[in-house]
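Everything below concerns the one structure shown next.
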Amino acid sequence: MYGDDATVRKILTESGDTWAVVGLSSNRQRAAYGVAQVLQRFGKRVVPVHPKAETVHGEQGYASLADIPFDVDVVDVFVNSDLAGAVADEAVAKGARAVWFQLGVVDEEAYARTRAAGVDMVMDRCPAIEIPRLA
């Protein structure tokens, strides 16, 4: 397990409410779309990060984390595992307080680097599943 329940709880309740969702587009069939809706329902500001930089769920999108002109608290990653490590590194560089890799997204080296940088991280879990358990 990559991220115990205490870390999950800390990210969801203490790490902040601005979540950059990498891979979020206007495609309603993608998991990121529904997960972002759940995060919004629980009071999180969702910032779409996708090459198309689309507005999704009423929030302006950005092509990359570096393009976001404000701080983000958590970076939620919906990309393939082979691309996720670079996103984790970008999240650390951006100053995010936590990184969350979605179900099926695992990169043990990225996990080690992120934790070594002092940033909380969870892998292979879904906040849309975890957050209702905390309510």
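By order of appearance in the structure tokens: chains A, B, ..., then residues from 1 within every chain, and ligands from 1 in the order shown.
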A:Met121: which residues within 6 Å, counting only C-alpha atoms, same-chain residues fewer than 3 positions away excluded, as a compact mmCIF listing (two decimals) with N, CA and C atoms, in the first residue's frame?
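The new file around-v5.txt reads:
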```
# COMPACT_ATOMS: atom_id res chain seq x y z
N ALA A 98 1.10 17.84 -1.62
CA ALA A 98 0.84 16.41 -1.73
C ALA A 98 0.66 16.03 -3.20
N VAL A 99 0.96 14.76 -3.47
CA VAL A 99 0.75 14.18 -4.80
C VAL A 99 -0.09 12.93 -4.62
N TRP A 100 -1.08 12.77 -5.51
CA TRP A 100 -1.99 11.62 -5.44
C TRP A 100 -2.00 10.94 -6.80
```
* Asked: Do you know which residues are at most 8 Å from A:Thr55 counting only C-alpha atoms, after dropping those on the same chain fewer than 6 positions away, and could you put them as a PyMOL selection string?
  -> chain A and resi 25-26+48+61
* Asked: Counting only C-alpha atoms, what is within 10 Å of A:Gly118, bar same-chain residues fewer than 4 positions away, as a list of chain:residue names?
  ->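 Those residues are A:Val92, A:Arg97, A:Ala98, A:Arg113, A:Thr114.
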* What residues in chain A get the DSSP label strand (DSSP E)? Please answer as JSON, numbers by chain. -> {"A": [18, 19, 20, 21, 22, 45, 46, 47, 48, 49, 74, 75, 76, 77, 98, 99, 100, 101, 120, 121, 122]}
Residues of stretch 15-36 of chain A that have any atom at most 12 Å from an atom of stretch 122-126 of chain A: could you tabulate them with the shortest-distance atom pair and the distance in Å to one decimal, using only C-alpha atoms, ordered by chain and increasing number, as a tab-separated table?
```
residue	atom	partner	partner_atom	distance
A:Ala31	CA	A:Cys126	CA	10.1
A:Ala32	CA	A:Cys126	CA	10.0
A:Gly34	CA	A:Cys126	CA	11.2
A:Val35	CA	A:Cys126	CA	8.0
A:Ala36	CA	A:Cys126	CA	10.8
```
* May I have all residues of chain A that DSSP, computed from the backbone, assigns to helix (DSSP H, G or I), given as an MDAnalysis selection string? => chainID A and resid 5:13 31:41 65:67 81:94 108:116 127:134
Hey, can you spit out that residue selection with C-alpha atoms as a PDB file, in the first residue's frame?
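Writing the result to selection-v8.pdb gives the following:
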```pdb
ATOM      1  CA  ASP A   5      -4.997   5.777   5.964  1.00  0.00           C
ATOM      2  CA  ALA A   6      -3.408   8.538   8.047  1.00  0.00           C
ATOM      3  CA  THR A   7      -1.712   9.988   4.951  1.00  0.00           C
ATOM      4  CA  VAL A   8      -4.919   9.710   2.934  1.00  0.00           C
ATOM      5  CA  ARG A   9      -6.828  11.524   5.699  1.00  0.00           C
ATOM      6  CA  LYS A  10      -4.138  14.225   5.979  1.00  0.00           C
ATOM      7  CA  ILE A  11      -4.154  14.912   2.230  1.00  0.00           C
ATOM      8  CA  LEU A  12      -7.940  15.038   2.053  1.00  0.00           C
ATOM      9  CA  THR A  13      -8.496  17.143   5.181  1.00  0.00           C
ATOM     10  CA  ALA A  31     -12.552   8.716 -14.812  1.00  0.00           C
ATOM     11  CA  ALA A  32     -10.931  12.101 -14.105  1.00  0.00           C
ATOM     12  CA  TYR A  33     -14.162  13.884 -15.057  1.00  0.00           C
ATOM     13  CA  GLY A  34     -16.250  12.089 -12.435  1.00  0.00           C
ATOM     14  CA  VAL A  35     -13.574  12.165  -9.751  1.00  0.00           C
ATOM     15  CA  ALA A  36     -13.217  15.934 -10.207  1.00  0.00           C
ATOM     16  CA  GLN A  37     -16.976  16.319  -9.698  1.00  0.00           C
ATOM     17  CA  VAL A  38     -16.767  14.410  -6.422  1.00  0.00           C
ATOM     18  CA  LEU A  39     -13.851  16.550  -5.254  1.00  0.00           C
ATOM     19  CA  GLN A  40     -15.864  19.695  -6.017  1.00  0.00           C
ATOM     20  CA  ARG A  41     -18.865  18.336  -4.100  1.00  0.00           C
ATOM     21  CA  LEU A  65       1.365  22.484 -13.892  1.00  0.00           C
ATOM     22  CA  ALA A  66       3.971  25.152 -14.616  1.00  0.00           C
ATOM     23  CA  ASP A  67       1.326  27.205 -16.471  1.00  0.00           C
ATOM     24  CA  SER A  81       2.418   5.124 -14.801  1.00  0.00           C
ATOM     25  CA  ASP A  82       5.281   5.627 -17.269  1.00  0.00           C
ATOM     26  CA  LEU A  83       4.454   9.367 -17.439  1.00  0.00           C
ATOM     27  CA  ALA A  84       3.454   9.868 -13.806  1.00  0.00           C
ATOM     28  CA  GLY A  85       6.949  10.207 -12.331  1.00  0.00           C
ATOM     29  CA  ALA A  86       7.653  13.333 -14.344  1.00  0.00           C
ATOM     30  CA  VAL A  87       4.348  14.808 -13.139  1.00  0.00           C
ATOM     31  CA  ALA A  88       5.294  14.060  -9.523  1.00  0.00           C
ATOM     32  CA  ASP A  89       8.607  15.852 -10.058  1.00  0.00           C
ATOM     33  CA  GLU A  90       6.745  18.845 -11.538  1.00  0.00           C
ATOM     34  CA  ALA A  91       4.392  18.849  -8.542  1.00  0.00           C
ATOM     35  CA  VAL A  92       7.331  18.992  -6.130  1.00  0.00           C
ATOM     36  CA  ALA A  93       8.917  21.794  -8.187  1.00  0.00           C
ATOM     37  CA  LYS A  94       5.581  23.680  -8.156  1.00  0.00           C
ATOM     38  CA  GLU A 108       7.877   3.424  -6.843  1.00  0.00           C
ATOM     39  CA  GLU A 109      10.877   5.603  -7.766  1.00  0.00           C
ATOM     40  CA  ALA A 110       8.654   8.685  -8.045  1.00  0.00           C
ATOM     41  CA  TYR A 111       7.121   7.791  -4.684  1.00  0.00           C
ATOM     42  CA  ALA A 112      10.577   7.623  -3.084  1.00  0.00           C
ATOM     43  CA  ARG A 113      11.679  10.929  -4.675  1.00  0.00           C
ATOM     44  CA  THR A 114       8.490  12.721  -3.677  1.00  0.00           C
ATOM     45  CA  ARG A 115       8.589  11.488  -0.089  1.00  0.00           C
ATOM     46  CA  ALA A 116      12.319  12.337   0.130  1.00  0.00           C
ATOM     47  CA  PRO A 127      -9.934  10.279  -3.605  1.00  0.00           C
ATOM     48  CA  ALA A 128     -13.517   9.892  -4.850  1.00  0.00           C
ATOM     49  CA  ILE A 129     -13.603   6.557  -3.024  1.00  0.00           C
ATOM     50  CA  GLU A 130     -11.717   7.764   0.059  1.00  0.00           C
ATOM     51  CA  ILE A 131     -13.262  11.206   0.713  1.00  0.00           C
ATOM     52  CA  PRO A 132     -16.863  10.016   1.362  1.00  0.00           C
ATOM     53  CA  ARG A 133     -15.473   7.633   4.000  1.00  0.00           C
ATOM     54  CA  LEU A 134     -14.177  10.654   5.924  1.00  0.00           C
TER      55      LEU A 134
END
```
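The closest residue to A:Val74, picked from A:Gly3, A:Gly23, A:Gly43, A:Gly16 and counting only C-alpha atoms, is A:Gly16.
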* What gap, in Å, lies between atom CA of A:Trp19 and atom CA of A:Arg45? ->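 About the pair atom CA of A:Trp19 and atom CA of A:Arg45: they are 5.9 Å apart.
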